[in-house]
Each structure stands twice: as structure tokens, then as C-alpha cells.
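Chemist: One structure is given below, represented as C-alpha cells, and several questions about it will come after.
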Amino acid sequence: MSHRDVISTSDTSQEQDPQDALTRDVQADHVDYPPVDQKRGWQRLSPFWQNRLVEAGMILSLGCYYVAGNSNLGASRIFTLNPLLSLPFLLVFALLAWYRLPFAVALLPISIPYYYLKKPVYGQYQFELAEIALGVCVAIALIQLFFQQNTWRYRLSWREVRDRLGPFAIPLLVFVLAAAISVGIAFARKDALRAFREEIVSPLLYLLLAFHCLRARQDVARLLLALFASAFIVTVQGLAQYFLFRYTIAPDPDGVRRVHALFGSANNVGLFFDYSLPIGLALLISGHGEVFGFLKTWGVRIATGIALIPMLLVLYLSQSGGAWVAIGSATLFIVLLSLPVPSRKIFWLSCLGLLLVLLAGGFVFRHLIIDFLNRHLSVNGVSTFTKRLYLWESALKMIRDRPLFGFGLDNWLCYYSANTLCVNPAMNLRHYWVLYIPGTQTLTGLSDEPTLSHPHNIFLHVWVSIGIFGLIAFVAVLALFAWLFTRILKTLRAIGGETRDHLRWMTVGVGAAMLAGMIQGQVDSSFLAQDMAFSFWTLVGALLLLRVLSSTPWRKTQTRT
């Protein structure tokens, strides 16, 4: 293993030179109280509180930039300002990012949920907040690299990047190539190219940037806590929407008003919570020592528990049954991994026993489960679960016609239904939606929603979009993720002390979040959308960084450093 792969397990952060962030973090997050001396202002603060102010400044400046001049948020005066007037806020974020680039990279997940309401930049040009923040971070990294070259503290050679990717490199390359080919064969090529930028290039570029800039254990913790904090911000928005602006929530045909915050759908709240809320659950349940510097174990758990209460309330108000099952499963997963297990055999026997109990409970309460699945009726009395069955059948019909390369990213609607979102009178496209139950004249319910933008299954979505090769690469990434997750946990069992506790709760949280995303992904789209793609690759990147932090070798015969 290269000497650059030995990432410090302590935080670094305090010196006058803004480029020395990599070697300063340890002092910053381990000083409990500001020093008492005769210094004034900024210098009187401890490194820990200086770092917290920098983080707060980054979040506030980016938030102000997003809100000011964003006409997509409403018609208030602050939203209708010229977008150019918000540039000073972005400049503040850029200056702070120059001063603490790892902080900016690690905090980027806070900008993920705002893809639906884009930020106007200039004229008709609008971009997602995550892409804007990523562009600033990449620009700063390139400028620093240009001037400092071999002395840039975050520099990695291609060989070192390749070593950090390990066996993930080949499926990642195949996945990108399959997505690129799908752009060339897409009917709506402009939409496919935009999706390629938003859902493929930007998230993977962020993954590579994180590899370079996030070196310390606290950097990875900051990344995961930022993802959890972004869910809490969505929670505040959801509570405000439900209790203060409930009249703005259009009721479903069954009369239920489902909270959706700034997302386009209530299910999107649950999908984003899948990737973020289990991180807080792992922090609450898993054993660990000091985490925030001034909060000890029980203080952290109390603070996390207080944050989780309103999040669970908003999750309930979203009425996303898939998210309930997914996060419930993730919670059980965390609990099982947190229990002291005397042997692997007993652990797997316990899992088998739990599975048998669940199967028995499913049989006994099958009628209640069927009623639960048949909630959210359409105007014609068809449940969303029933519609999904025929939606999957429609996707399979599409796959049978183009199994190798798919129909192109974000081109599902062009072939799924006759709609107004993907129309070209010169082209007589075949539409694959199943309108009637085979052999009958009974409507399947799909005609009620001709603009469903995906087949509501993660594997069918990938296959329809980029073909069988992209699907195989995606499945390979998931298999490698599960394999690496177990290897890291095995390695951590041989490590003692506080470092193991820190790395363990992060590893368990990352694994549980991925599990939740994949579970709900069986009935919804949890990957090929910008926020989901960023969240997915953030978890993959965090696990790869945790491998280096824990000195987990790729091969059993490889010497750990």
C-alpha cells in the first residue's frame, strides 16, 4: 500500500497558512474549550470553534446564494432579485473553500436535496445547487494544483487513485461507458446528455475529489454528518410546510396530504431519508467514544435522538410506505451489528430465526399487509402498488426490444406513454405502457399517470436506461460494496480503542444507508436521479475512504499498513 494511503486518524486544522488544513485538524476537533488568554476576536477562539465558524459560514453563504434571486422558490422580493446580486455569497463560499477545501468538499451533501428547484445563474441558465458547489470546489482544487503542483497537499498520482478504487475501477469504467453509449442512441439526446452530466459525471467527479481532499477520520465523519444534517434541514422544511403552509399541499385522490418539502414528490423525501437517516441511527445505536469534541457518548446520543424525532415525524407525514420498510430494515440491521455476537454461527442462526419469524408474521397478518400495499388509490380506485406491477411489465417489454444498450438516460417517457413531455410528430414512436389487464378490458391505472418518469424499480430503471452492460456494472458495484463492508468490519474487530469505535459507527451507518436505499429501490427510483446518484456515490466513496482509514487490505495476503 502506498504511503499516501495511510490517512491520519486524527483531525487537523489550525495554522495561519490556509493550505495547511490537512495537518491542522487534530488540534481543532479535540480542543474542548476556548483558551483563556489576552488575544482578541478570532485568535481568542480555540481551533475547534474556529472550524465550526468556518463550517457555519460555508453553509450560510451557500444557502443565501441559493435563496437570493431564485425565482423558482416563489414570487417574494428576495426571490425575484437579479441572480447576479447573489454572487457575493458564492464568493464568500469560494474564499472559505480556499481556506478549508476539505471542509467544503465534505459539506457538499448539504446542497444535494435542492435539485428540483434549480438556481438561476445567468439569463435562462439554471443549475442544481450541488453542481454549483461542486464546480467551485473543483475550480479551487485545479487552481491550487496549478500553482503548487507537486507540493499540493491533496495531490494523488493515478496509481494511488487506482489503488483506492481497487476492484471498483473496472465496473465504474464499464458503467460510465454504457451511460455514454446510451446518450448516442437516445431519442431525446439533449435530455440524455443533461442526465449524463447530472447523474453520472458530476457524482463521480465528486467521488474523485473526495478521494483527494478527504484524508482524516474527521473528514469522513464530517461528510456523513453533513448528509445527515441535510436530512434534518429537509425535516424543518417539511414541518413548516405541514403546519404553516398545509394548504399548499395538494391532496391525493384518497384525501391524504403528503409532505414533500422542496421535492417534487412525497416519495422523494423517503428516498433521501433512506440514504441519510440511517447514519444518525448508527450514531445513536452503535457504541462510540467522543465524536464532536465537546460532547461525550451520551451527549452525542441525546443530541442525535432529539434530531431524529422530528425526522421520523416527517417520514410518517410523507406516507412513503417503501421508506418505512427500508428504514425499519436498516434500523434492525444496525441493531444486529451492534449486539455482542459470541460467534459468527450464532449470529447467522439469529438472522435465520428472525427471517422465519418475519415470514410467519407475514402469513398471519397477510390481509393487513395487502391492505397496507393497496393504499394511495387513484381517481379510478387503483392502488399505487397495483400500478407498479404493470409498470414493471411495461419496462420488461421495453427491455425485450432493446436489452443490450437500452433506450438512453432520461428517455423512459419517450417510449413509455403518449405524453406531452417527449413529443416529436415526425417520429411514430412505439409506446409500451400496459393500459389494460391482459385478456380483459379492465384498466391497469397507468393511464391515470402518463408522465411517470421511471419504472419504479432500480434495476429495471438502469437496464432500460443504459442496457445490460450498465446493469451488470451497477450490480458489480453493489456486490463489491457488500464485500468491502464485511471486510472492513472484520478488520475493525482486530483494532482496539476509540479509533475502532469511530470507524465502526461510520461503517455501519454507510452500510445501513445503502441497504435502505436498495430496499426502497425495489419499488421506486433510488439511483438515476441527481440527488439519489450523489447520495449513492457519496456512500460508496465514504466506504472506500473508510477502507484506507482502517488499513483494510484488498487481498488477504496484502500487508496492512
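Letters A, B, ... go to the chains of the C-alpha cells in the order shown; residues in each chain start at 1; ligands are counted from 1 in the same order.
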Identify, with DSSP run on backbone atoms, the residues in segment 72-238 of chain A assigned to helix (DSSP H, G or I), and express the list as a VMD selection string.
Modeler: chain A and resid 72 to 73 83 to 99 101 to 115 129 to 151 158 to 185 189 to 213 217 to 238
Chemist: Skip segment 135-144 of chain A itself and residues of its chain fewer than 5 positions away, then list as a compact mmCIF listing (two decimals) with N, CA and C atoms, in the first residue's frame all residues within 12 Å of it, counting only C-alpha atoms.
Modeler:
```
# COMPACT_ATOMS: atom_id res chain seq x y z
N PRO A 18 -3.54 28.96 4.93
CA PRO A 18 -4.78 28.27 4.58
C PRO A 18 -4.55 26.94 3.90
N GLN A 19 -3.34 26.66 3.44
CA GLN A 19 -3.09 25.39 2.77
C GLN A 19 -2.73 24.27 3.73
N MET A 58 -19.69 28.57 5.56
CA MET A 58 -19.87 27.90 4.27
C MET A 58 -21.34 27.58 4.02
N LEU A 62 -23.65 29.59 1.17
CA LEU A 62 -24.22 28.82 0.07
C LEU A 62 -25.74 28.87 0.11
N LEU A 90 -21.71 33.58 -3.09
CA LEU A 90 -20.93 32.48 -3.67
C LEU A 90 -19.44 32.77 -3.54
N LEU A 91 -19.07 34.04 -3.65
CA LEU A 91 -17.66 34.41 -3.48
C LEU A 91 -17.20 34.14 -2.05
N VAL A 92 -18.06 34.41 -1.06
CA VAL A 92 -17.71 34.11 0.33
C VAL A 92 -17.49 32.61 0.50
N PHE A 93 -18.37 31.82 -0.09
CA PHE A 93 -18.20 30.37 -0.02
C PHE A 93 -16.89 29.95 -0.67
N ALA A 94 -16.56 30.55 -1.81
CA ALA A 94 -15.32 30.20 -2.51
C ALA A 94 -14.09 30.56 -1.67
N LEU A 95 -14.11 31.72 -1.02
CA LEU A 95 -12.98 32.12 -0.18
C LEU A 95 -12.80 31.18 1.00
N LEU A 96 -13.90 30.81 1.63
CA LEU A 96 -13.82 29.87 2.75
C LEU A 96 -13.37 28.49 2.26
N ALA A 97 -13.82 28.10 1.06
CA ALA A 97 -13.39 26.82 0.50
C ALA A 97 -11.89 26.84 0.19
N TRP A 98 -11.37 27.97 -0.25
CA TRP A 98 -9.93 28.09 -0.47
C TRP A 98 -9.17 27.90 0.85
N TYR A 99 -9.74 28.44 1.91
CA TYR A 99 -9.12 28.36 3.23
C TYR A 99 -9.23 26.97 3.82
N ARG A 100 -10.34 26.28 3.58
CA ARG A 100 -10.57 24.94 4.12
C ARG A 100 -11.23 24.08 3.03
N LEU A 101 -10.48 23.69 2.03
CA LEU A 101 -11.05 22.91 0.93
C LEU A 101 -11.64 21.58 1.39
N PRO A 102 -11.00 20.82 2.28
CA PRO A 102 -11.64 19.57 2.74
C PRO A 102 -12.99 19.80 3.40
N PHE A 103 -13.15 20.93 4.10
CA PHE A 103 -14.43 21.24 4.72
C PHE A 103 -15.50 21.42 3.65
N ALA A 104 -15.18 22.20 2.62
CA ALA A 104 -16.15 22.46 1.55
C ALA A 104 -16.55 21.18 0.84
N VAL A 105 -15.58 20.31 0.58
CA VAL A 105 -15.87 19.03 -0.09
C VAL A 105 -16.74 18.16 0.80
N ALA A 106 -16.41 18.09 2.08
CA ALA A 106 -17.16 17.23 2.99
C ALA A 106 -18.57 17.75 3.25
N LEU A 107 -18.77 19.05 3.19
CA LEU A 107 -20.09 19.63 3.47
C LEU A 107 -20.98 19.70 2.24
N LEU A 108 -20.48 19.32 1.08
CA LEU A 108 -21.27 19.42 -0.15
C LEU A 108 -22.59 18.65 -0.09
N PHE A 127 -28.85 25.85 -12.79
CA PHE A 127 -28.12 24.64 -12.40
C PHE A 127 -28.52 24.23 -10.99
N GLU A 128 -28.31 22.95 -10.70
CA GLU A 128 -28.57 22.46 -9.35
C GLU A 128 -27.51 22.99 -8.39
N LEU A 129 -27.91 23.23 -7.16
CA LEU A 129 -27.01 23.79 -6.17
C LEU A 129 -25.80 22.88 -5.94
N ALA A 130 -26.01 21.57 -5.97
CA ALA A 130 -24.89 20.64 -5.77
C ALA A 130 -23.86 20.78 -6.88
N GLN A 149 1.40 22.53 -7.80
CA GLN A 149 1.84 21.32 -8.49
C GLN A 149 2.20 20.21 -7.50
N ASN A 150 3.45 19.76 -7.49
CA ASN A 150 3.81 18.61 -6.66
C ASN A 150 3.74 18.89 -5.16
N THR A 151 3.67 20.16 -4.78
CA THR A 151 3.58 20.49 -3.35
C THR A 151 2.14 20.60 -2.86
N TRP A 152 1.18 20.44 -3.76
CA TRP A 152 -0.23 20.49 -3.34
C TRP A 152 -0.52 19.34 -2.39
N ARG A 153 -1.03 19.64 -1.24
CA ARG A 153 -1.16 18.65 -0.17
C ARG A 153 -2.17 17.56 -0.48
N TYR A 154 -3.04 17.78 -1.42
CA TYR A 154 -4.07 16.79 -1.72
C TYR A 154 -3.79 16.04 -3.02
N ARG A 155 -2.60 16.17 -3.53
CA ARG A 155 -2.25 15.55 -4.79
C ARG A 155 -2.14 14.03 -4.63
N VAL A 201 -21.60 12.04 -14.52
CA VAL A 201 -20.32 12.75 -14.47
C VAL A 201 -20.14 13.49 -13.15
N SER A 202 -21.12 14.31 -12.76
CA SER A 202 -20.96 15.13 -11.55
C SER A 202 -20.78 14.28 -10.28
N PRO A 203 -21.62 13.26 -10.03
CA PRO A 203 -21.40 12.46 -8.81
C PRO A 203 -20.06 11.74 -8.79
N LEU A 205 -17.32 12.71 -10.40
CA LEU A 205 -16.31 13.74 -10.22
C LEU A 205 -16.19 14.10 -8.74
N TYR A 206 -17.32 14.15 -8.06
CA TYR A 206 -17.30 14.41 -6.62
C TYR A 206 -16.60 13.28 -5.87
N LEU A 207 -16.82 12.04 -6.31
CA LEU A 207 -16.15 10.90 -5.70
C LEU A 207 -14.63 11.04 -5.81
N LEU A 208 -14.13 11.42 -6.97
CA LEU A 208 -12.69 11.58 -7.17
C LEU A 208 -12.15 12.75 -6.35
N LEU A 209 -12.91 13.84 -6.28
CA LEU A 209 -12.47 14.99 -5.48
C LEU A 209 -12.38 14.61 -4.00
N ALA A 210 -13.35 13.83 -3.53
CA ALA A 210 -13.32 13.39 -2.13
C ALA A 210 -12.10 12.52 -1.87
N HIS A 212 -9.19 12.85 -3.11
CA HIS A 212 -8.02 13.69 -2.98
C HIS A 212 -8.03 14.51 -1.69
N CYS A 213 -9.18 15.06 -1.33
CA CYS A 213 -9.22 16.08 -0.27
C CYS A 213 -9.58 15.55 1.11
```
Chemist: State, in Å with one decimal place, the distance from atom CA of Pro83 of chain A to atom CA of Lys118 of chain A.
Modeler: 12.0 Å
Chemist: Write out, as CSV, each residue of segment 54-147 of chain A that has an atom at most 12 Å from segment 266-274 of chain A, together with the closest pair of atoms and their distance in Å to one decimal, counting only C-alpha atoms, rows going by chain and rising number.
Modeler:
```
residue,atom,partner,partner_atom,distance
A:Pro109,CA,A:Phe272,CA,11.2
A:Ile110,CA,A:Phe272,CA,11.7
A:Ile112,CA,A:Phe272,CA,9.3
A:Pro113,CA,A:Phe272,CA,7.7
A:Tyr114,CA,A:Phe272,CA,11.3
A:Tyr115,CA,A:Asn268,CA,11.3
A:Tyr116,CA,A:Asn268,CA,10.3
```
Chemist: Let's have the selection written as a PDB file, in the first residue's frame, with C-alpha atoms.
Modeler:
```
ATOM      1  CA  PRO A 109     -24.006  16.806   0.662  1.00  0.00           C
ATOM      2  CA  ILE A 110     -25.965  19.614   2.343  1.00  0.00           C
ATOM      3  CA  ILE A 112     -27.950  17.702  -2.581  1.00  0.00           C
ATOM      4  CA  PRO A 113     -31.723  17.957  -1.847  1.00  0.00           C
ATOM      5  CA  TYR A 114     -32.259  21.135  -3.898  1.00  0.00           C
ATOM      6  CA  TYR A 115     -32.016  19.653  -7.380  1.00  0.00           C
ATOM      7  CA  TYR A 116     -35.759  20.002  -8.077  1.00  0.00           C
TER       8      TYR A 116
END
```
Chemist: Could you write out, as a ChimeraX atom specification, all the residues of segment 66-292 of chain A that DSSP marks as strand (DSSP E or B)?
Modeler: /A:119-122,125-127
Chemist: Using only N, CA and C atoms, please write the residues we just selected to a file, as an mmCIF file, in the first residue's frame.
Modeler:
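Output contents, as saved in again_22.cif:
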```
data_model
loop_
_atom_site.group_PDB
_atom_site.id
_atom_site.type_symbol
_atom_site.label_atom_id
_atom_site.label_comp_id
_atom_site.auth_asym_id
_atom_site.auth_seq_id
_atom_site.Cartn_x
_atom_site.Cartn_y
_atom_site.Cartn_z
ATOM 1 N N LYS A 119 -31.121 26.693 -9.308
ATOM 2 C CA LYS A 119 -30.699 28.067 -9.039
ATOM 3 C C LYS A 119 -30.413 28.772 -10.362
ATOM 4 N N PRO A 120 -31.169 29.849 -10.698
ATOM 5 C CA PRO A 120 -30.833 30.641 -11.887
ATOM 6 C C PRO A 120 -29.454 31.280 -11.723
ATOM 7 N N VAL A 121 -28.615 31.130 -12.717
ATOM 8 C CA VAL A 121 -27.263 31.668 -12.667
ATOM 9 C C VAL A 121 -27.134 32.918 -13.506
ATOM 10 N N TYR A 122 -27.538 32.815 -14.767
ATOM 11 C CA TYR A 122 -27.480 33.983 -15.657
ATOM 12 C C TYR A 122 -28.459 33.749 -16.803
ATOM 13 N N TYR A 125 -29.982 30.269 -17.938
ATOM 14 C CA TYR A 125 -29.142 29.168 -17.453
ATOM 15 C C TYR A 125 -29.424 28.908 -15.974
ATOM 16 N N GLN A 126 -29.799 27.674 -15.677
ATOM 17 C CA GLN A 126 -30.084 27.260 -14.310
ATOM 18 C C GLN A 126 -29.346 25.958 -14.016
ATOM 19 N N PHE A 127 -28.846 25.845 -12.785
ATOM 20 C CA PHE A 127 -28.116 24.640 -12.402
ATOM 21 C C PHE A 127 -28.525 24.228 -10.994
#
```
Chemist: I need the residue nearest Ala188 of chain A from this list: A:Leu429, A:Met518, A:Leu156, A:Ile309. Use only C-alpha atoms for the distance.
Modeler: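 Closest to Ala188 of chain A of all the choices is A:Leu429.
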Chemist: So that I can see what lies close to Ala323 of chain A, please list as a ChimeraX atom specification the residues with an atom at most 12 Å from it, counting only C-alpha atoms and leaving out residues fewer than 6 positions away in the same chain.
Modeler: /A:266-278,312,314-317,329-331,513,515-526
Chemist: Taking 2 positions as the minimum chain separation for residues in the same chain, which residues sit within 9 Å of Phe175 of chain A when counting only C-alpha atoms? Answer as a VMD selection string.
Modeler: chain A and resid 170 to 173 177 to 180 200 466 469 to 474
Chemist: Between A:Val67, A:Ala533, A:Ile495, A:Leu117, single out the one closest to Phe196 of chain A, counting only C-alpha atoms.
Modeler: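 The shortest atom-to-atom distance to Phe196 of chain A comes from A:Ala533.
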Chemist: Of the residues A:Gly439, A:Gly321, A:Gly166, A:Gly511, which is the one nearest to Leu543 of chain A, using only C-alpha atoms?
Modeler: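 Between A:Gly439, A:Gly321, A:Gly166, A:Gly511, the residue approaching Leu543 of chain A most closely is A:Gly511.
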Chemist: Kindly indicate which residue among A:Ser286, A:Thr420, A:Ser320, A:Ser157 lies nearest to Phe333 of chain A, using only C-alpha atoms for the distances.
Modeler: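 Closest residue, counting only C-alpha atoms: A:Ser286.
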Chemist: What does the distance between atom CA of Gln43 of chain A and atom CA of Val300 of chain A come to in Å, to one decimal place?
Modeler: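 Computing the Euclidean distance for atom CA of Gln43 of chain A and atom CA of Val300 of chain A yields 27.6 Å.
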Chemist: Using only C-alpha atoms, which of the listed residues (A:Phe527, A:Gly74, A:Asp410, A:Thr486) sits closest to Leu193 of chain A?
Modeler: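 Using only C-alpha atoms, Leu193 of chain A sits closest to A:Asp410.
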